[in-house]
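Q: Next up is a structure, given as structure tokens.
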Amino acid sequence: MSFVRVSGVGSYVPNKVVTNDDLSKIVDTSDEWISSRTGIKKRRIATSENTSDLAGKAALKALKNSAVKAEEIDLIIVATTTSDSFIPSMACKVQREIGAKNAVSFDIAAACSGLMYAMSIARTYIIAGIYKKALVIGSEVLSKVLNWEDRNTCVLFGDGAGAMILEASDLDGIPFMDIGSDPTKYEVLTSNGLALSNPFTECKADAAHYVEMNGKEVFKFAVNIIEKSINDILEKENLTIEDIDYIVCHQANYRIIDYVAKSFKGHREKFYMNLDEYGNTSSATIGIALDNMNDLGLLKKGQKIILVGFGGGLTWGSALVNW
Ligand code: UT7
């Protein structure tokens, strides 16, 4: 049995910046509405790179940051719902891109909770002694599956990738993780895959893979699950909110995070947010946030950080990280 620690983070976003004002020229919206209802000011939109390209670049930064060589990586998991090919997987493409010739690679899907799920799987393998160094990535080009005529959804999302290196360690760097899913509300956040299409079916192929969402239902779920996840971690790890340095939630809406922060009075500044810059990049948000925090010099050895993701499924995932 070994412990696991996060030894590096990385992220990558495409160059193209799209502001709220830019969007107001495409759909009936305004900077005022988007900023006040969500906190989002801009987002990056992919114009030439696809999901595996973003994932590969985030991976290279995480490797550099951890000083781990690509050949040392023995597990690569990419969490995505916007793959650029069904075969090979995004993880196999990343493996080739970075030259991780000794890794086993596969993808998983858990919508915006994806990176938490990937972390949980990698952590379990490492604790079991099966693998020693894992690369986990959340990468999305959501802009491919947005209906750019639907102001309810197209203003919320952005493209990007966030990556982490997890390593076997003497330090208990991820003492707690929890992942879960509740299928009773799966219809509140959906994006369809390919419809049946073959010479033997009467079904007509459906071309629309658009994200559709009941925002209010997701909002309620998010507030409840984030608060519950934080409290579960504090209780199970025998900690108080005072012991925690940062809380990094899935970046969907500043009002969700603000709402939760009200339950932890006096600790608002611990809830890191960068959704004004990038919008909701689904499975990538937590990795991008951690990498931004690291670049800003906010992360220091010995800190305790809570991560909480939530999203379609409905799914959720949380972790306590000892940095
Ligand atoms: O990672 C996936 C997780 N997703 C989330 O966490 C999303 C959670 N939900 C939310 O963030 C919020 O529910 C939204 C931002 C999606 C929506 O905010 P809301 O305060 O719940 O607004 P609403 O849907 O109730 O819409 C209020 C009004 C409506 O007009 P009427 O019917 O009151 O006349 C909408 O048509 O705002 C209108 N509206 C807009 N107006 C301008 C909706 N989208 C826009 C828009 N620009 N982009």
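Chain lettering (A, B, ...) mirrors the order of the structure tokens, residue numbering begins at 1 for each chain separately, and ligand numbering begins at 1 in order of display.
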Pick out the residues sitting within 12 Å of Gln303 in chain A, and hand them over as a PDB file with N, CA, C and O atoms, in the first residue's frame; count only C-alpha atoms, and ignore anything fewer than 5 positions along from it in its own chain.
A:
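Result written to selection-v6.pdb:
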ATOM      1  N   GLY A 173      -1.144  12.537   0.228  1.00  0.00           N
ATOM      2  CA  GLY A 173      -1.486  13.781  -0.470  1.00  0.00           C
ATOM      3  C   GLY A 173      -2.938  13.887  -0.897  1.00  0.00           C
ATOM      4  O   GLY A 173      -3.411  14.982  -1.207  1.00  0.00           O
ATOM      5  N   ILE A 174      -3.625  12.746  -0.961  1.00  0.00           N
ATOM      6  CA  ILE A 174      -5.074  12.792  -1.265  1.00  0.00           C
ATOM      7  C   ILE A 174      -5.767  11.845  -0.277  1.00  0.00           C
ATOM      8  O   ILE A 174      -6.165  10.721  -0.629  1.00  0.00           O
ATOM      9  N   GLU A 242     -11.586  26.172   9.216  1.00  0.00           N
ATOM     10  CA  GLU A 242     -10.374  26.977   9.503  1.00  0.00           C
ATOM     11  C   GLU A 242      -9.104  26.261   9.025  1.00  0.00           C
ATOM     12  O   GLU A 242      -8.103  26.905   8.722  1.00  0.00           O
ATOM     13  N   ASP A 243      -9.135  24.910   9.020  1.00  0.00           N
ATOM     14  CA  ASP A 243      -7.950  24.143   8.604  1.00  0.00           C
ATOM     15  C   ASP A 243      -7.735  24.158   7.091  1.00  0.00           C
ATOM     16  O   ASP A 243      -6.680  23.736   6.600  1.00  0.00           O
ATOM     17  N   ILE A 244      -8.749  24.591   6.347  1.00  0.00           N
ATOM     18  CA  ILE A 244      -8.696  24.498   4.882  1.00  0.00           C
ATOM     19  C   ILE A 244      -8.161  25.806   4.295  1.00  0.00           C
ATOM     20  O   ILE A 244      -8.577  26.890   4.692  1.00  0.00           O
ATOM     21  N   ASP A 245      -7.222  25.683   3.347  1.00  0.00           N
ATOM     22  CA  ASP A 245      -6.648  26.884   2.732  1.00  0.00           C
ATOM     23  C   ASP A 245      -7.451  27.351   1.514  1.00  0.00           C
ATOM     24  O   ASP A 245      -7.666  28.543   1.334  1.00  0.00           O
ATOM     25  N   TYR A 246      -7.848  26.398   0.664  1.00  0.00           N
ATOM     26  CA  TYR A 246      -8.626  26.770  -0.526  1.00  0.00           C
ATOM     27  C   TYR A 246      -9.696  25.727  -0.812  1.00  0.00           C
ATOM     28  O   TYR A 246      -9.524  24.533  -0.536  1.00  0.00           O
ATOM     29  N   ILE A 247     -10.781  26.204  -1.400  1.00  0.00           N
ATOM     30  CA  ILE A 247     -11.829  25.309  -1.902  1.00  0.00           C
ATOM     31  C   ILE A 247     -11.990  25.628  -3.389  1.00  0.00           C
ATOM     32  O   ILE A 247     -12.259  26.785  -3.757  1.00  0.00           O
ATOM     33  N   LYS A 270     -11.608  31.835   0.585  1.00  0.00           N
ATOM     34  CA  LYS A 270     -10.997  30.516   0.320  1.00  0.00           C
ATOM     35  C   LYS A 270     -11.552  29.865  -0.952  1.00  0.00           C
ATOM     36  O   LYS A 270     -11.000  28.897  -1.451  1.00  0.00           O
ATOM     37  N   LEU A 298      -0.078  30.790  -5.445  1.00  0.00           N
ATOM     38  CA  LEU A 298      -0.991  30.662  -4.301  1.00  0.00           C
ATOM     39  C   LEU A 298      -0.842  29.320  -3.580  1.00  0.00           C
ATOM     40  O   LEU A 298      -1.185  29.200  -2.412  1.00  0.00           O
ATOM     41  N   LEU A 320      -9.975  15.771  -0.829  1.00  0.00           N
ATOM     42  CA  LEU A 320      -9.137  16.603   0.038  1.00  0.00           C
ATOM     43  C   LEU A 320      -7.698  16.389  -0.432  1.00  0.00           C
ATOM     44  O   LEU A 320      -7.236  15.240  -0.512  1.00  0.00           O
ATOM     45  N   VAL A 321      -7.033  17.486  -0.750  1.00  0.00           N
ATOM     46  CA  VAL A 321      -5.639  17.403  -1.234  1.00  0.00           C
ATOM     47  C   VAL A 321      -4.722  18.070  -0.229  1.00  0.00           C
ATOM     48  O   VAL A 321      -4.953  19.225   0.163  1.00  0.00           O
ATOM     49  N   ASN A 322      -3.705  17.351   0.212  1.00  0.00           N
ATOM     50  CA  ASN A 322      -2.630  17.954   1.004  1.00  0.00           C
ATOM     51  C   ASN A 322      -1.526  18.317   0.029  1.00  0.00           C
ATOM     52  O   ASN A 322      -0.903  17.435  -0.561  1.00  0.00           O
ATOM     53  N   TRP A 323      -1.333  19.607  -0.198  1.00  0.00           N
ATOM     54  CA  TRP A 323      -0.415  20.036  -1.273  1.00  0.00           C
ATOM     55  C   TRP A 323       1.037  19.792  -0.895  1.00  0.00           C
ATOM     56  O   TRP A 323       1.400  19.880   0.261  1.00  0.00           O
TER      57      TRP A 323
END
Q: Could you find all residues in range 21-142 of chain A that DSSP calls helix (DSSP H, G or I) from the backbone, and write them as a PyMOL selection string?
A: chain A and resi 21-24+31-38+51-66+70-72+90-98+111-127+142
Q: Considering only C-alpha atoms and all ligand atoms, give me a table of residues in chain A that are at most 8 Å from ligand 1, with the closest atom pair and distance in Å for each, as a Markdown table.
A:
| residue | atom | partner | partner_atom_place_in_ligand_line | distance |
| --- | --- | --- | --- | --- |
| A:Val27 | CA | ligand 1 | 48 (N) | 7.7 |
| A:Asp28 | CA | ligand 1 | 47 (N) | 6.1 |
| A:Thr29 | CA | ligand 1 | 47 (N) | 3.6 |
| A:Ser30 | CA | ligand 1 | 47 (N) | 5.9 |
| A:Trp33 | CA | ligand 1 | 42 (C) | 5.3 |
| A:Ile34 | CA | ligand 1 | 48 (N) | 5.9 |
| A:Arg37 | CA | ligand 1 | 15 (C) | 5.5 |
| A:Thr38 | CA | ligand 1 | 15 (C) | 5.3 |
| A:Ala111 | CA | ligand 1 | 1 (O) | 7.5 |
| A:Cys112 | CA | ligand 1 | 1 (O) | 5.2 |
| A:Asp150 | CA | ligand 1 | 48 (N) | 8.0 |
| A:Arg151 | CA | ligand 1 | 48 (N) | 4.2 |
| A:Asn152 | CA | ligand 1 | 44 (N) | 3.9 |
| A:Thr153 | CA | ligand 1 | 16 (C) | 6.8 |
| A:Cys154 | CA | ligand 1 | 48 (N) | 7.5 |
| A:Val155 | CA | ligand 1 | 48 (N) | 5.6 |
| A:Leu156 | CA | ligand 1 | 15 (C) | 7.1 |
| A:Leu189 | CA | ligand 1 | 2 (C) | 7.4 |
| A:Met213 | CA | ligand 1 | 4 (N) | 7.4 |
| A:Asn214 | CA | ligand 1 | 13 (O) | 7.2 |
| A:Gly215 | CA | ligand 1 | 13 (O) | 3.5 |
| A:Lys216 | CA | ligand 1 | 13 (O) | 4.2 |
| A:Glu217 | CA | ligand 1 | 9 (N) | 7.2 |
| A:Val218 | CA | ligand 1 | 8 (C) | 4.8 |
| A:Phe219 | CA | ligand 1 | 8 (C) | 4.0 |
| A:Lys220 | CA | ligand 1 | 8 (C) | 7.8 |
| A:Ala222 | CA | ligand 1 | 6 (O) | 6.4 |
| A:His250 | CA | ligand 1 | 1 (O) | 7.3 |
| A:Gln251 | CA | ligand 1 | 1 (O) | 7.5 |
| A:Ala252 | CA | ligand 1 | 6 (O) | 4.7 |
| A:Asn253 | CA | ligand 1 | 11 (O) | 4.9 |
| A:Arg255 | CA | ligand 1 | 11 (O) | 7.5 |
| A:Ile256 | CA | ligand 1 | 11 (O) | 7.2 |
| A:Asn280 | CA | ligand 1 | 1 (O) | 6.2 |
| A:Thr281 | CA | ligand 1 | 1 (O) | 7.6 |
| A:Ser282 | CA | ligand 1 | 1 (O) | 5.2 |
| A:Phe310 | CA | ligand 1 | 1 (O) | 6.9 |
| A:Gly311 | CA | ligand 1 | 1 (O) | 5.0 |
| A:Gly312 | CA | ligand 1 | 2 (C) | 6.6 |
Q: DSSP on the backbone, strand (DSSP E) only: what residues of range 119-268 of chain A does that give? Format it as a PyMOL selection string.
A: chain A and resi 133-140+160-169+176-181+189-191+211-213+246-249
Q: Got time to write the residues from that selection, N, CA, C and O atoms, as a short mmCIF file (atom, residue, chain, number, x, y, z; two decimals), in the first residue's frame?
A:
data_model
loop_
_atom_site.label_atom_id
_atom_site.label_comp_id
_atom_site.auth_asym_id
_atom_site.auth_seq_id
_atom_site.Cartn_x
_atom_site.Cartn_y
_atom_site.Cartn_z
N LYS A 133 2.79 6.26 -11.44
CA LYS A 133 2.69 7.66 -11.87
C LYS A 133 1.57 7.77 -12.92
O LYS A 133 1.65 7.12 -13.97
N ALA A 134 0.59 8.60 -12.60
CA ALA A 134 -0.56 8.73 -13.50
C ALA A 134 -0.73 10.16 -13.97
O ALA A 134 -0.44 11.11 -13.24
N LEU A 135 -1.22 10.28 -15.19
CA LEU A 135 -1.56 11.58 -15.76
C LEU A 135 -3.08 11.59 -15.95
O LEU A 135 -3.60 10.72 -16.65
N VAL A 136 -3.76 12.51 -15.29
CA VAL A 136 -5.22 12.60 -15.47
C VAL A 136 -5.54 13.98 -16.05
O VAL A 136 -4.96 14.99 -15.65
N ILE A 137 -6.47 13.98 -17.01
CA ILE A 137 -6.75 15.22 -17.75
C ILE A 137 -8.26 15.36 -17.92
O ILE A 137 -8.96 14.38 -18.20
N GLY A 138 -8.76 16.57 -17.75
CA GLY A 138 -10.12 16.91 -18.18
C GLY A 138 -9.98 17.82 -19.38
O GLY A 138 -9.32 18.86 -19.29
N SER A 139 -10.53 17.43 -20.52
CA SER A 139 -10.36 18.24 -21.73
C SER A 139 -11.67 18.33 -22.50
O SER A 139 -12.33 17.31 -22.71
N GLU A 140 -12.04 19.53 -22.90
CA GLU A 140 -13.33 19.69 -23.58
C GLU A 140 -13.26 20.77 -24.65
O GLU A 140 -12.67 21.84 -24.44
N GLY A 160 -11.21 24.18 -23.10
CA GLY A 160 -9.94 24.16 -22.37
C GLY A 160 -9.63 22.78 -21.81
O GLY A 160 -10.44 21.85 -21.92
N ALA A 161 -8.44 22.66 -21.23
CA ALA A 161 -8.02 21.39 -20.64
C ALA A 161 -7.21 21.64 -19.37
O ALA A 161 -6.44 22.61 -19.30
N GLY A 162 -7.40 20.77 -18.38
CA GLY A 162 -6.63 20.84 -17.14
C GLY A 162 -6.07 19.47 -16.82
O GLY A 162 -6.77 18.46 -17.02
N ALA A 163 -4.82 19.41 -16.37
CA ALA A 163 -4.17 18.11 -16.16
C ALA A 163 -3.50 18.06 -14.78
O ALA A 163 -3.14 19.10 -14.22
N MET A 164 -3.35 16.85 -14.27
CA MET A 164 -2.65 16.63 -13.00
C MET A 164 -1.78 15.39 -13.11
O MET A 164 -2.19 14.41 -13.75
N ILE A 165 -0.65 15.42 -12.44
CA ILE A 165 0.17 14.21 -12.29
C ILE A 165 -0.06 13.70 -10.87
O ILE A 165 0.09 14.47 -9.90
N LEU A 166 -0.43 12.44 -10.74
CA LEU A 166 -0.56 11.80 -9.43
C LEU A 166 0.54 10.76 -9.30
O LEU A 166 0.78 10.00 -10.24
N GLU A 167 1.18 10.75 -8.13
CA GLU A 167 2.31 9.82 -7.94
C GLU A 167 2.19 9.06 -6.64
O GLU A 167 1.71 9.61 -5.65
N ALA A 168 2.72 7.83 -6.63
CA ALA A 168 2.88 7.10 -5.37
C ALA A 168 3.81 7.90 -4.47
O ALA A 168 4.78 8.50 -4.94
N SER A 169 3.50 7.91 -3.16
CA SER A 169 4.23 8.80 -2.26
C SER A 169 4.18 8.31 -0.82
O SER A 169 3.27 7.58 -0.44
N PHE A 176 -8.64 11.81 1.07
CA PHE A 176 -10.07 11.53 0.94
C PHE A 176 -10.53 11.81 -0.49
O PHE A 176 -10.18 12.84 -1.06
N MET A 177 -11.31 10.89 -1.04
CA MET A 177 -12.03 11.14 -2.29
C MET A 177 -13.39 10.49 -2.24
O MET A 177 -13.56 9.42 -1.65
N ASP A 178 -14.34 11.13 -2.90
CA ASP A 178 -15.68 10.56 -2.99
C ASP A 178 -16.21 10.88 -4.39
O ASP A 178 -16.04 12.00 -4.86
N ILE A 179 -16.81 9.89 -5.05
CA ILE A 179 -17.50 10.18 -6.31
C ILE A 179 -18.89 9.57 -6.23
O ILE A 179 -19.11 8.58 -5.51
N GLY A 180 -19.84 10.17 -6.94
CA GLY A 180 -21.20 9.63 -6.88
C GLY A 180 -22.01 10.06 -8.09
O GLY A 180 -21.64 10.97 -8.82
N SER A 181 -23.12 9.36 -8.29
CA SER A 181 -24.02 9.73 -9.39
C SER A 181 -25.46 9.44 -9.00
O SER A 181 -25.74 8.48 -8.29
N LEU A 189 -29.61 17.77 -17.66
CA LEU A 189 -28.41 18.24 -18.37
C LEU A 189 -27.99 17.16 -19.35
O LEU A 189 -27.52 16.09 -18.94
N THR A 190 -28.19 17.42 -20.65
CA THR A 190 -27.96 16.37 -21.64
C THR A 190 -27.25 16.91 -22.89
O THR A 190 -27.30 18.11 -23.18
N SER A 191 -26.59 16.00 -23.59
CA SER A 191 -26.06 16.27 -24.93
C SER A 191 -26.07 14.91 -25.62
O SER A 191 -25.38 13.98 -25.17
N VAL A 211 -25.96 20.71 -26.18
CA VAL A 211 -26.15 20.70 -24.73
C VAL A 211 -27.50 21.34 -24.44
O VAL A 211 -27.81 22.43 -24.93
N GLU A 212 -28.31 20.63 -23.64
CA GLU A 212 -29.57 21.20 -23.17
C GLU A 212 -29.59 21.10 -21.66
O GLU A 212 -29.15 20.09 -21.10
N MET A 213 -30.07 22.15 -21.02
CA MET A 213 -29.92 22.17 -19.56
C MET A 213 -31.10 22.89 -18.91
O MET A 213 -31.54 23.93 -19.39
N TYR A 246 -7.85 26.40 0.66
CA TYR A 246 -8.63 26.77 -0.53
C TYR A 246 -9.70 25.73 -0.81
O TYR A 246 -9.52 24.53 -0.54
N ILE A 247 -10.78 26.20 -1.40
CA ILE A 247 -11.83 25.31 -1.90
C ILE A 247 -11.99 25.63 -3.39
O ILE A 247 -12.26 26.78 -3.76
N VAL A 248 -11.75 24.63 -4.21
CA VAL A 248 -11.84 24.82 -5.66
C VAL A 248 -13.03 24.02 -6.17
O VAL A 248 -13.00 22.79 -6.23
N CYS A 249 -14.10 24.74 -6.49
CA CYS A 249 -15.32 24.09 -6.99
C CYS A 249 -15.32 24.12 -8.51
O CYS A 249 -14.68 24.99 -9.12
#
Q: For range 52-68 of chain A, please output as a PyMOL selection string all residues within 10 Å (counting only C-alpha atoms; exclusion window: fewer than 4 positions along the same chain).
A: chain A and resi 6-14+46+48+72-73+76+78-80+82-85+89-98+133+135-141+159-167+284+287-288+291+294
Q: CA of Ser143 in chain A and CA of Lys16 in chain A, how far apart in Å?
A: 12.0 Å
